[in-house]
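Chemist: My file is protein-v1.cif. It has mmCIF, C-alpha atoms and all ligand atoms:
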```cif
data_upload
#
loop_
_atom_site.label_atom_id
_atom_site.label_comp_id
_atom_site.auth_asym_id
_atom_site.auth_seq_id
_atom_site.Cartn_x
_atom_site.Cartn_y
_atom_site.Cartn_z
CA MET Q 1 257.67 -114.88 74.54
CA LYS Q 2 260.16 -112.23 75.57
CA VAL Q 3 260.19 -108.85 73.88
CA LEU Q 4 263.20 -106.85 72.80
CA SER Q 5 262.58 -103.09 72.79
CA VAL Q 6 264.77 -101.21 70.35
CA ILE Q 7 265.10 -97.51 71.17
CA VAL Q 8 266.21 -95.17 68.43
CA PRO Q 9 266.71 -91.47 69.29
CA CYS Q 10 266.21 -89.43 66.12
CA TYR Q 11 266.97 -85.82 65.45
CA ASN Q 12 266.46 -84.88 61.81
CA GLU Q 13 266.96 -88.42 60.56
CA GLU Q 14 264.30 -88.57 57.82
CA GLU Q 15 266.72 -90.40 55.50
CA ASN Q 16 267.57 -92.99 58.12
CA VAL Q 17 264.24 -93.97 59.69
CA SER Q 18 263.11 -96.52 57.12
CA TYR Q 19 266.65 -97.54 56.23
CA PHE Q 20 267.28 -98.38 59.86
CA TYR Q 21 264.04 -100.35 59.99
CA GLU Q 22 265.08 -102.47 57.02
CA GLU Q 23 268.51 -103.18 58.44
CA LEU Q 24 267.01 -104.13 61.80
CA MET Q 25 264.50 -106.47 60.21
CA LYS Q 26 267.37 -108.47 58.76
CA GLN Q 27 267.93 -109.66 62.33
CA GLU Q 28 264.32 -110.73 62.79
CA ALA Q 29 264.95 -114.37 61.94
CA ALA Q 30 267.77 -114.59 64.47
CA LEU Q 31 265.47 -113.12 67.10
CA GLU Q 32 262.65 -115.49 66.25
CA GLN Q 33 265.03 -118.39 66.71
CA ARG Q 34 265.54 -117.21 70.26
CA LYS Q 35 261.78 -116.73 70.65
CA ILE Q 36 262.18 -113.01 71.10
CA GLY Q 37 259.62 -110.54 69.75
CA LEU Q 38 260.39 -107.00 68.67
CA GLU Q 39 259.18 -103.57 69.65
CA LEU Q 40 260.69 -100.57 67.90
CA ILE Q 41 260.54 -97.15 69.56
CA TYR Q 42 261.58 -94.09 67.63
CA VAL Q 43 262.10 -91.06 69.82
CA ASP Q 44 261.75 -87.93 67.74
CA ASP Q 45 263.81 -85.25 69.45
CA GLY Q 46 262.00 -82.24 67.99
CA SER Q 47 263.12 -82.86 64.42
CA GLY Q 48 262.42 -80.13 61.91
CA ASP Q 49 262.28 -82.51 58.95
CA ARG Q 50 260.02 -85.40 57.97
CA THR Q 51 261.24 -87.82 60.65
CA VAL Q 52 257.81 -88.10 62.30
CA GLU Q 53 256.03 -88.69 58.98
CA GLU Q 54 258.53 -91.41 58.13
CA VAL Q 55 257.85 -93.16 61.43
CA LYS Q 56 254.09 -92.91 60.87
CA LYS Q 57 254.52 -94.48 57.45
CA LEU Q 58 256.31 -97.40 59.09
CA TYR Q 59 253.56 -97.67 61.68
CA GLU Q 60 251.01 -98.07 58.88
CA LYS Q 61 252.58 -101.34 57.82
CA ASP Q 62 254.03 -102.52 61.12
CA LYS Q 63 252.22 -101.97 64.42
CA ARG Q 64 255.29 -102.90 66.41
CA VAL Q 65 256.66 -99.46 65.57
CA HIS Q 66 256.14 -96.78 68.22
CA LEU Q 67 256.83 -93.10 68.42
CA VAL Q 68 257.54 -90.61 71.18
CA SER Q 69 257.74 -87.13 69.72
CA PHE Q 70 259.10 -84.22 71.78
CA SER Q 71 257.74 -80.68 71.70
CA ARG Q 72 261.25 -79.40 70.86
CA ASN Q 73 264.84 -80.59 70.82
CA PHE Q 74 265.74 -81.84 74.30
CA GLY Q 75 268.97 -83.64 73.42
CA LYS Q 76 269.84 -87.28 72.97
CA GLU Q 77 270.08 -87.96 76.69
CA ALA Q 78 266.44 -86.95 77.15
CA GLY Q 79 265.55 -89.10 74.13
CA ILE Q 80 267.20 -92.11 75.71
CA TYR Q 81 265.34 -91.55 78.97
CA ALA Q 82 261.99 -91.21 77.20
CA GLY Q 83 262.67 -94.36 75.19
CA LEU Q 84 263.61 -96.37 78.26
CA LYS Q 85 260.43 -95.22 79.95
CA LYS Q 86 258.31 -96.21 77.00
CA ALA Q 87 259.97 -99.60 76.52
CA SER Q 88 257.96 -102.56 77.77
CA GLY Q 89 260.35 -105.33 76.76
CA GLU Q 90 262.27 -107.70 79.01
CA TYR Q 91 265.34 -106.72 76.99
CA VAL Q 92 266.08 -103.20 75.83
CA VAL Q 93 268.67 -101.98 73.36
CA LEU Q 94 269.71 -98.42 72.48
CA MET Q 95 270.75 -97.74 68.90
CA ASP Q 96 271.57 -94.69 66.78
CA ALA Q 97 269.45 -94.07 63.71
CA ASP Q 98 272.48 -93.60 61.48
CA LEU Q 99 273.49 -97.29 61.63
CA GLN Q 100 276.76 -96.53 63.36
CA ASP Q 101 275.57 -99.20 65.77
CA PRO Q 102 275.36 -102.29 63.58
CA PRO Q 103 272.19 -104.37 64.20
CA SER Q 104 274.19 -107.40 63.05
CA LEU Q 105 275.79 -107.47 66.51
CA LEU Q 106 272.42 -108.17 68.15
CA PRO Q 107 272.52 -112.00 68.05
CA GLU Q 108 275.96 -112.01 69.66
CA MET Q 109 274.83 -109.52 72.29
CA LEU Q 110 271.77 -111.61 73.08
CA HIS Q 111 273.99 -114.63 73.44
CA TYR Q 112 275.92 -112.96 76.26
CA LEU Q 113 272.68 -111.96 77.95
CA GLU Q 114 270.90 -115.28 77.68
CA GLU Q 115 273.62 -117.91 77.79
CA GLU Q 116 276.45 -116.22 79.66
CA GLY Q 117 274.29 -114.54 82.27
CA TYR Q 118 275.42 -110.94 81.79
CA ASP Q 119 273.02 -108.16 82.77
CA SER Q 120 274.05 -105.84 80.00
CA VAL Q 121 276.19 -105.88 76.89
CA ALA Q 122 277.94 -102.64 75.95
CA THR Q 123 279.98 -101.73 72.92
CA ARG Q 124 283.03 -99.62 72.39
CA ARG Q 125 284.79 -98.65 69.24
CA VAL Q 126 288.47 -99.34 69.26
CA THR Q 127 289.32 -96.98 66.42
CA ARG Q 128 288.25 -93.44 65.75
CA LYS Q 129 288.58 -93.76 62.02
CA GLY Q 130 286.93 -90.96 60.07
CA GLU Q 131 287.04 -88.52 62.95
CA PRO Q 132 289.02 -85.26 62.99
CA VAL Q 133 292.43 -85.78 64.65
CA ILE Q 134 292.01 -82.92 67.13
CA ARG Q 135 288.66 -84.30 68.25
CA SER Q 136 290.15 -87.75 68.89
CA PHE Q 137 293.01 -86.17 70.81
CA PHE Q 138 290.74 -84.22 73.13
CA ALA Q 139 288.38 -87.15 73.51
CA ARG Q 140 291.28 -89.28 74.73
CA ARG Q 141 292.40 -86.53 77.13
CA PHE Q 142 288.86 -86.31 78.48
CA TYR Q 143 288.63 -90.02 79.24
CA ALA Q 144 292.10 -90.03 80.80
CA LEU Q 145 291.09 -87.12 83.02
CA MET Q 146 287.79 -88.72 84.00
CA LYS Q 147 289.62 -91.87 85.02
CA ARG Q 148 291.60 -89.81 87.53
CA ILE Q 149 288.93 -87.54 88.92
CA SER Q 150 285.81 -89.69 89.00
CA HIS Q 151 284.90 -92.86 90.85
CA THR Q 152 282.42 -93.75 88.15
CA GLU Q 153 283.80 -95.85 85.33
CA ILE Q 154 283.51 -94.04 82.02
CA VAL Q 155 284.99 -96.12 79.23
CA ASP Q 156 286.97 -94.58 76.37
CA GLY Q 157 285.24 -95.08 73.04
CA ALA Q 158 282.09 -96.44 74.67
CA ARG Q 159 279.04 -95.96 72.51
CA ASP Q 160 275.49 -95.70 73.71
CA TYR Q 161 274.78 -98.95 71.82
CA ARG Q 162 273.84 -101.16 74.75
CA LEU Q 163 271.61 -104.14 75.37
CA MET Q 164 270.18 -104.39 78.86
CA LYS Q 165 267.98 -106.58 80.97
CA ARG Q 166 264.92 -105.08 82.60
CA LYS Q 167 266.59 -104.65 86.01
CA VAL Q 168 269.32 -102.46 84.49
CA VAL Q 169 266.70 -100.38 82.69
CA ASP Q 170 264.78 -99.90 85.93
CA ALA Q 171 267.98 -98.88 87.69
CA ILE Q 172 268.66 -96.24 85.03
CA LEU Q 173 265.08 -95.02 85.19
CA SER Q 174 265.41 -94.61 88.94
CA MET Q 175 268.02 -91.92 88.27
CA THR Q 176 265.77 -88.99 87.55
CA GLU Q 177 268.42 -86.27 87.47
CA TYR Q 178 267.97 -83.41 85.04
CA ASN Q 179 271.59 -83.26 83.88
CA ARG Q 180 271.81 -86.65 82.25
CA PHE Q 181 275.30 -87.72 81.23
CA THR Q 182 274.29 -91.17 80.03
CA LYS Q 183 277.81 -92.55 79.70
CA GLY Q 184 278.30 -91.87 83.39
CA ILE Q 185 274.88 -93.16 84.37
CA PHE Q 186 275.62 -96.53 82.76
CA GLY Q 187 278.85 -96.77 84.74
CA TRP Q 188 277.21 -95.61 87.93
CA VAL Q 189 274.48 -98.26 88.00
CA GLY Q 190 277.06 -101.02 87.64
CA PHE Q 191 275.81 -104.60 86.95
CA GLU Q 192 277.63 -107.37 85.15
CA THR Q 193 278.59 -105.85 81.80
CA LYS Q 194 280.17 -107.53 78.81
CA TRP Q 195 282.12 -105.24 76.49
CA LEU Q 196 282.16 -105.88 72.77
CA GLU Q 197 284.60 -104.05 70.57
CA TYR Q 198 284.31 -103.03 66.98
CA GLU Q 199 285.86 -100.74 64.43
CA ASN Q 200 284.27 -97.35 64.05
CA ILE Q 201 281.61 -97.25 61.35
CA GLU Q 202 280.91 -93.96 59.64
CA ARG Q 203 277.36 -92.62 59.54
CA THR Q 204 275.42 -93.72 56.45
CA LYS Q 205 273.22 -90.76 55.64
CA GLY Q 206 272.60 -87.29 57.02
CA GLU Q 207 275.00 -85.36 59.21
CA THR Q 208 276.38 -85.67 62.71
CA LYS Q 209 274.83 -83.31 65.24
CA TRP Q 210 278.08 -82.76 67.06
CA ASN Q 211 280.74 -80.18 66.50
CA PHE Q 212 283.86 -79.57 68.52
CA TRP Q 213 282.35 -76.88 70.71
CA LYS Q 214 279.27 -78.97 71.54
CA LEU Q 215 281.48 -81.92 72.44
CA PHE Q 216 283.64 -79.70 74.63
CA LEU Q 217 280.61 -78.45 76.59
CA TYR Q 218 279.32 -82.01 76.79
CA SER Q 219 282.60 -83.15 78.34
CA LEU Q 220 282.33 -80.36 80.93
CA ASP Q 221 278.83 -81.61 81.74
CA GLY Q 222 280.31 -85.06 82.24
CA ILE Q 223 282.93 -83.79 84.64
CA LEU Q 224 280.44 -81.73 86.64
CA ALA Q 225 277.94 -84.58 86.79
CA PHE Q 226 280.33 -87.31 87.87
CA SER Q 227 283.14 -85.68 89.80
CA THR Q 228 283.47 -83.18 92.61
CA MET Q 229 287.24 -83.11 92.19
CA PRO Q 230 287.24 -79.57 90.74
CA LEU Q 231 285.82 -78.37 94.06
CA ALA Q 232 288.60 -80.10 95.96
CA PHE Q 233 291.01 -78.49 93.51
CA VAL Q 234 289.60 -75.08 94.44
CA SER Q 235 290.17 -75.74 98.13
CA ILE Q 236 293.73 -76.88 97.48
CA ILE Q 237 294.50 -73.75 95.49
CA GLY Q 238 293.13 -71.66 98.34
CA LEU Q 239 295.35 -73.49 100.79
CA VAL Q 240 298.45 -73.09 98.63
CA PHE Q 241 297.88 -69.36 98.30
CA CYS Q 242 297.33 -68.97 102.05
CA LEU Q 243 300.66 -70.69 102.67
CA LEU Q 244 302.37 -68.52 100.09
CA ALA Q 245 300.93 -65.39 101.66
CA PHE Q 246 302.09 -66.48 105.09
CA ILE Q 247 305.65 -67.03 103.85
CA LEU Q 248 305.59 -63.62 102.16
CA ILE Q 249 304.38 -61.92 105.34
CA VAL Q 250 307.17 -63.44 107.39
CA PHE Q 251 309.68 -62.57 104.69
CA THR Q 252 308.50 -58.95 104.54
CA ILE Q 253 308.55 -58.49 108.30
CA VAL Q 254 312.03 -59.93 108.63
CA ARG Q 255 313.30 -57.83 105.74
CA THR Q 256 311.80 -54.64 107.19
CA VAL Q 257 313.31 -55.32 110.60
CA ILE Q 258 316.78 -55.92 109.15
CA PHE Q 259 316.90 -53.42 106.24
CA GLY Q 260 314.34 -50.78 107.21
CA ASP Q 261 311.40 -49.94 104.98
CA PRO Q 262 312.31 -48.53 101.57
CA THR Q 263 308.95 -47.96 99.78
CA SER Q 264 309.27 -49.83 96.55
CA GLY Q 265 307.75 -52.90 94.94
CA TRP Q 266 304.79 -51.35 93.17
CA PRO Q 267 305.11 -53.55 90.03
CA SER Q 268 305.38 -56.75 92.04
CA LEU Q 269 302.31 -55.73 94.03
CA VAL Q 270 300.29 -55.26 90.86
CA CYS Q 271 301.40 -58.67 89.59
CA ILE Q 272 300.45 -60.36 92.82
CA ILE Q 273 297.04 -58.69 92.97
CA SER Q 274 296.28 -59.58 89.34
CA LEU Q 275 297.34 -63.18 89.81
CA ILE Q 276 295.34 -63.68 92.96
CA SER Q 277 292.24 -61.97 91.56
CA GLY Q 278 292.49 -64.24 88.53
CA VAL Q 279 292.76 -67.36 90.65
CA GLN Q 280 289.86 -66.19 92.79
CA LEU Q 281 287.62 -65.62 89.81
CA LEU Q 282 288.57 -69.00 88.37
CA CYS Q 283 287.68 -70.71 91.63
CA LEU Q 284 284.46 -68.77 91.89
CA GLY Q 285 283.68 -69.86 88.33
CA ILE Q 286 284.20 -73.52 89.20
CA VAL Q 287 281.96 -73.25 92.24
CA GLY Q 288 279.47 -71.34 90.07
CA GLN Q 289 279.34 -74.19 87.55
CA TYR Q 290 278.26 -76.60 90.24
CA MET Q 291 275.76 -74.09 91.50
CA ALA Q 292 274.31 -73.68 88.02
CA LYS Q 293 273.83 -77.44 87.78
CA MET Q 294 272.26 -77.50 91.22
CA TYR Q 295 269.98 -74.67 90.20
CA MET Q 296 268.69 -76.67 87.26
CA GLU Q 297 268.21 -79.77 89.40
CA VAL Q 298 266.34 -77.87 92.09
CA LYS Q 299 263.92 -76.41 89.58
CA ASN Q 300 262.86 -79.98 88.97
CA ARG Q 301 261.73 -79.37 85.42
CA PRO Q 302 260.59 -82.32 83.35
CA ILE Q 303 263.40 -83.92 81.34
CA TYR Q 304 261.30 -83.79 78.16
CA LEU Q 305 257.81 -82.86 76.98
CA ILE Q 306 255.79 -85.09 74.68
CA LYS Q 307 253.92 -83.66 71.72
CA GLU Q 308 252.68 -86.90 70.29
CA GLU Q 309 253.07 -90.58 71.02
CA PHE Q 310 251.79 -93.99 69.96
N1 LIG C 401 270.29 -87.30 68.44
C1 LIG C 401 269.17 -86.92 69.18
N2 LIG C 401 269.08 -85.64 69.65
C2 LIG C 401 270.08 -84.71 69.45
C3 LIG C 401 271.22 -85.13 68.72
C4 LIG C 401 271.29 -86.42 68.25
O1 LIG C 401 268.25 -87.72 69.39
O2 LIG C 401 269.94 -83.58 69.90
C5 LIG C 401 270.38 -88.68 67.91
C6 LIG C 401 270.69 -88.76 66.43
O3 LIG C 401 269.53 -88.67 65.63
C7 LIG C 401 271.35 -90.11 66.29
C8 LIG C 401 272.07 -90.25 67.63
O4 LIG C 401 271.45 -89.33 68.53
O5 LIG C 401 270.41 -91.17 66.16
C9 LIG C 401 273.55 -89.98 67.52
O6 LIG C 401 273.76 -88.72 66.93
P1 LIG C 401 274.96 -88.43 65.93
O7 LIG C 401 275.03 -89.53 64.92
O8 LIG C 401 274.76 -87.06 65.41
O9 LIG C 401 276.18 -88.47 66.90
P2 LIG C 401 277.60 -89.21 66.62
O10 LIG C 401 277.30 -90.59 66.14
O11 LIG C 401 278.27 -88.37 65.59
O12 LIG C 401 278.26 -89.18 67.95
MG MG C 402 276.28 -91.05 64.55
#
```
Output the structure of this file as structure tokens.

Modeler:
Amino acid sequence: MKVLSVIVPCYNEEENVSYFYEELMKQEAALEQRKIGLELIYVDDGSGDRTVEEVKKLYEKDKRVHLVSFSRNFGKEAGIYAGLKKASGEYVVLMDADLQDPPSLLPEMLHYLEEEGYDSVATRRVTRKGEPVIRSFFARRFYALMKRISHTEIVDGARDYRLMKRKVVDAILSMTEYNRFTKGIFGWVGFETKWLEYENIERTKGETKWNFWKLFLYSLDGILAFSTMPLAFVSIIGLVFCLLAFILIVFTIVRTVIFGDPTSGWPSLVCIISLISGVQLLCLGIVGQYMAKMYMEVKNRPIYLIKEEF
């Protein structure tokens, strides 16, 4: 009998833990029909509420429930990695605790894996209903930009809700980088992927952990992790300014030779110096961002630390 490991990253989801369990169990019959057993892994990402107690309560009545509890909040990406590591199933699926990833899609997803021969089934939401307009706008811009500057496919509206075969899981686990931009990692490993689309579902209970600023920083992480185009951009700017300077030098020499050298042009000089210093600092900043990421990678710190697990 094959086993399906369900990984649920949880950060302050006390209201959702058991609710999620109940909703998932509604799919049990469909899984049994396919002769697939279940294994449910909650990854507690340093929650400050009763999430861990709720999981333990579930464990009391169902030994297929497992827990990996972090020593502090390490972020969802770390949670996903820990869950994938813990999973023992032939099939693995990632789901949010807030039921924004409907378990009712599971039978269809399994169909694509088992009958159609796909290696993984991913989901994307086609609407962004219930989301602030500005956030949707910038999210779209981000995906459009990524399409141009990265070779890795990062799909607009893709959720982390994904069902994978063991080989895909192993491929993801082989990527041990510290800066884990999961959406990019999925694209990077490749494999035959079927995309399912559905309308956005709003979170049932509790609150989202994302605000605009966090999302903005997250998108920068994505760019830094999966594109080196900003570095090329820096070089191009440098080249353009060198050319400009060369033209100016020639212009100044010619003008001096023809018209003599009246000492003026202080304001323009200040403007030029300010502009070029600004551009230089910007470029230095971009290079610095990559260096910061490299610094974190080189330290080789663990991606997460476990406080408790069963
Ligand atoms: N999550 C996590 N660690 C974090 C933030 C979120 O494990 O630092 C989990 C959270 O409990 C939920 C999932 O990641 O199960 C998605 O989070 P959320 O619903 O807040 O994100 P959204 O759906 O709004 O993108
Ligand atoms: Mg959510």

Chemist: With the cut-off set at 10 Å and counting only C-alpha atoms and all ligand atoms, tabulate each residue of chain Q with an atom at most that distance from an atom of ligand LIG 401 (chain C), showing the nearest atom pair and its distance in Å to one decimal, ordered by chain and increasing number, as a Markdown table.

Modeler:
```
| residue | atom | partner | partner_atom | distance |
| --- | --- | --- | --- | --- |
| Q:Ile7 | CA | C:LIG401 | O5 | 9.7 |
| Q:Val8 | CA | C:LIG401 | O5 | 6.2 |
| Q:Pro9 | CA | C:LIG401 | O1 | 4.1 |
| Q:Cys10 | CA | C:LIG401 | O3 | 3.4 |
| Q:Tyr11 | CA | C:LIG401 | O3 | 3.8 |
| Q:Asn12 | CA | C:LIG401 | O3 | 6.2 |
| Q:Glu13 | CA | C:LIG401 | O3 | 5.7 |
| Q:Glu14 | CA | C:LIG401 | O3 | 9.4 |
| Q:Asn16 | CA | C:LIG401 | O5 | 8.7 |
| Q:Val17 | CA | C:LIG401 | O5 | 9.4 |
| Q:Tyr42 | CA | C:LIG401 | O1 | 9.4 |
| Q:Val43 | CA | C:LIG401 | O1 | 7.0 |
| Q:Asp44 | CA | C:LIG401 | O1 | 6.7 |
| Q:Asp45 | CA | C:LIG401 | O1 | 5.1 |
| Q:Gly46 | CA | C:LIG401 | N2 | 8.0 |
| Q:Ser47 | CA | C:LIG401 | N2 | 8.4 |
| Q:Thr51 | CA | C:LIG401 | O3 | 9.7 |
| Q:Arg72 | CA | C:LIG401 | O2 | 9.7 |
| Q:Asn73 | CA | C:LIG401 | O2 | 6.0 |
| Q:Phe74 | CA | C:LIG401 | O2 | 6.3 |
| Q:Gly75 | CA | C:LIG401 | O2 | 3.7 |
| Q:Lys76 | CA | C:LIG401 | N2 | 3.8 |
| Q:Glu77 | CA | C:LIG401 | N2 | 7.5 |
| Q:Ala78 | CA | C:LIG401 | O1 | 8.0 |
| Q:Gly79 | CA | C:LIG401 | O1 | 5.6 |
| Q:Ile80 | CA | C:LIG401 | O1 | 7.8 |
| Q:Leu94 | CA | C:LIG401 | O5 | 9.6 |
| Q:Met95 | CA | C:LIG401 | O5 | 7.1 |
| Q:Asp96 | CA | C:LIG401 | O5 | 3.8 |
| Q:Ala97 | CA | C:LIG401 | O5 | 3.9 |
| Q:Asp98 | CA | C:LIG401 | O5 | 5.7 |
| Q:Leu99 | CA | C:LIG401 | O5 | 8.2 |
| Q:Gln100 | CA | C:LIG401 | O10 | 6.6 |
| Q:Asp101 | CA | C:LIG401 | O10 | 8.8 |
| Q:Glu131 | CA | C:LIG401 | O11 | 9.2 |
| Q:Arg159 | CA | C:LIG401 | O12 | 8.2 |
| Q:Asp160 | CA | C:LIG401 | C9 | 8.6 |
| Q:Asn200 | CA | C:LIG401 | O10 | 9.9 |
| Q:Ile201 | CA | C:LIG401 | O10 | 9.3 |
| Q:Glu202 | CA | C:LIG401 | O10 | 8.2 |
| Q:Arg203 | CA | C:LIG401 | O7 | 6.6 |
| Q:Thr204 | CA | C:LIG401 | O7 | 9.5 |
| Q:Lys205 | CA | C:LIG401 | O7 | 9.5 |
| Q:Gly206 | CA | C:LIG401 | O7 | 8.6 |
| Q:Glu207 | CA | C:LIG401 | O8 | 6.4 |
| Q:Thr208 | CA | C:LIG401 | O8 | 3.4 |
| Q:Lys209 | CA | C:LIG401 | O8 | 3.8 |
| Q:Trp210 | CA | C:LIG401 | O8 | 5.7 |
| Q:Asn211 | CA | C:LIG401 | O11 | 8.6 |
| Q:Leu215 | CA | C:LIG401 | O12 | 9.1 |
```

Chemist: Take atom CA of Leu4 of chain Q and atom CA of Ser71 of chain Q and report the distance between them in Å, one decimal.

Modeler: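 These atoms are spaced 26.8 Å apart.
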
Chemist: Provide the atom CA of Glu108 of chain Q to atom CA of Glu22 of chain Q distance in Å, to one decimal place.

Modeler: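 Result for atom CA of Glu108 of chain Q versus atom CA of Glu22 of chain Q: 19.2 Å, one decimal.
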
Chemist: For ligand MG 402 (chain C), which residue among Q:Arg255, Q:Tyr161, Q:Glu28, Q:Glu53 is the nearest when counting all atoms listed in the file?

Modeler: Q:Tyr161

Chemist: Using all atoms listed in the file, can you tell me which of Q:Val169, Q:Gly130, Q:Leu282, Q:Gly222 comes closest to Tyr143 of chain Q?

Modeler: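 Using all atoms listed in the file, Tyr143 of chain Q sits closest to Q:Gly222.
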
Chemist: Within 12 Å of Asp221 of chain Q, counting only C-alpha atoms, which residues show up once you throw out same-chain ones fewer than 4 positions away? Write them as an MDAnalysis selection string, please.

Modeler: chainID Q and resid 77 142 146 178:184 214:217 225:228 289:290 292:293

Chemist: Residues within 10 Å of Arg162 of chain Q, please, as a count of residues only. Count all atoms listed in the file; anything in the same chain fewer than 2 positions from it doesn't count.

Modeler: 21

Chemist: To one decimal place in Å, what is the distance between atom CA of Lys35 of chain Q and atom CA of Tyr118 of chain Q?

Modeler: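 According to the coordinates, atom CA of Lys35 of chain Q and atom CA of Tyr118 of chain Q are separated by 18.5 Å.
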
Chemist: Smallest atom-to-atom distance to Ile272 of chain Q: which of Q:Ala171, Q:Leu244, Q:Met294, Q:Val68, using only C-alpha atoms?

Modeler: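 Distance minimum relative to Ile272 of chain Q lands on Q:Leu244.
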
Chemist: From the list Q:Pro102, Q:Ile185, Q:Arg166, Q:Ala245, which residue is nearest ligand MG 402 (chain C) when using all atoms listed in the file?

Modeler: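 Using all atoms listed in the file, ligand MG 402 (chain C) sits closest to Q:Pro102.
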
Chemist: Report, as JSON, the centre and edge lengths in Å (one decimal) of the axis-aligned box enclosing every listed atom of segment 48-51 of chain Q, padded by 6 Å on each side.

Modeler:
```
{"center_x": 261.2, "center_y": -84.0, "center_z": 59.9, "size_x": 14.4, "size_y": 19.7, "size_z": 15.9}
```

Chemist: Hey, what's within 8 Å of segment 56-65 of chain Q if we count all atoms listed in the file and toss same-chain stuff fewer than 2 positions away? As a VMD selection string, please?

Modeler: chain Q and resid 18 38 to 42 52 to 54 67

Chemist: Which residue gives the smallest distance to Ala87 of chain Q among Q:Ser274, Q:Thr176, Q:Ser5, Q:Ser69, with all atoms listed in the file counted?

Modeler: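 For Ala87 of chain Q, the nearest of the candidates is Q:Ser5.
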
Chemist: Using all atoms listed in the file, which of Q:Leu281, Q:Val126, Q:Leu110, Q:Leu243 sits nearest Gln33 of chain Q?

Modeler: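 Between Q:Leu281, Q:Val126, Q:Leu110, Q:Leu243, the residue approaching Gln33 of chain Q most closely is Q:Leu110.
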
Chemist: For the structure just given, write the atoms of segment 24-51 of chain Q, namely C-alpha atoms, as a PDB file, in the first residue's frame.

Modeler:
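Dumped to selection_26.pdb:
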```pdb
ATOM      1  CA  LEU Q  24      -8.887  16.113   5.126  1.00  0.00           C
ATOM      2  CA  MET Q  25     -10.515  13.005   6.557  1.00  0.00           C
ATOM      3  CA  LYS Q  26     -13.473  13.573   4.262  1.00  0.00           C
ATOM      4  CA  GLN Q  27     -11.136  12.459   1.473  1.00  0.00           C
ATOM      5  CA  GLU Q  28     -10.135   9.275   3.279  1.00  0.00           C
ATOM      6  CA  ALA Q  29     -12.640   7.078   1.455  1.00  0.00           C
ATOM      7  CA  ALA Q  30     -11.435   8.304  -1.924  1.00  0.00           C
ATOM      8  CA  LEU Q  31      -7.871   7.514  -0.901  1.00  0.00           C
ATOM      9  CA  GLU Q  32      -8.785   4.065   0.353  1.00  0.00           C
ATOM     10  CA  GLN Q  33     -10.375   3.333  -2.993  1.00  0.00           C
ATOM     11  CA  ARG Q  34      -7.006   3.976  -4.557  1.00  0.00           C
ATOM     12  CA  LYS Q  35      -5.338   1.865  -1.862  1.00  0.00           C
ATOM     13  CA  ILE Q  36      -3.450   4.840  -0.533  1.00  0.00           C
ATOM     14  CA  GLY Q  37      -2.746   5.282   3.182  1.00  0.00           C
ATOM     15  CA  LEU Q  38      -2.347   8.605   4.930  1.00  0.00           C
ATOM     16  CA  GLU Q  39       0.352  10.250   6.980  1.00  0.00           C
ATOM     17  CA  LEU Q  40      -0.269  13.751   8.285  1.00  0.00           C
ATOM     18  CA  ILE Q  41       2.680  15.952   9.240  1.00  0.00           C
ATOM     19  CA  TYR Q  42       2.067  19.235  10.989  1.00  0.00           C
ATOM     20  CA  VAL Q  43       5.103  21.490  11.011  1.00  0.00           C
ATOM     21  CA  ASP Q  44       4.817  23.959  13.854  1.00  0.00           C
ATOM     22  CA  ASP Q  45       6.821  27.006  12.863  1.00  0.00           C
ATOM     23  CA  GLY Q  46       7.443  28.342  16.365  1.00  0.00           C
ATOM     24  CA  SER Q  47       3.809  29.170  17.068  1.00  0.00           C
ATOM     25  CA  GLY Q  48       3.085  31.182  20.177  1.00  0.00           C
ATOM     26  CA  ASP Q  49      -0.421  29.789  20.596  1.00  0.00           C
ATOM     27  CA  ARG Q  50      -1.842  26.334  21.265  1.00  0.00           C
ATOM     28  CA  THR Q  51      -1.003  24.859  17.852  1.00  0.00           C
TER      29      THR Q  51
END
```
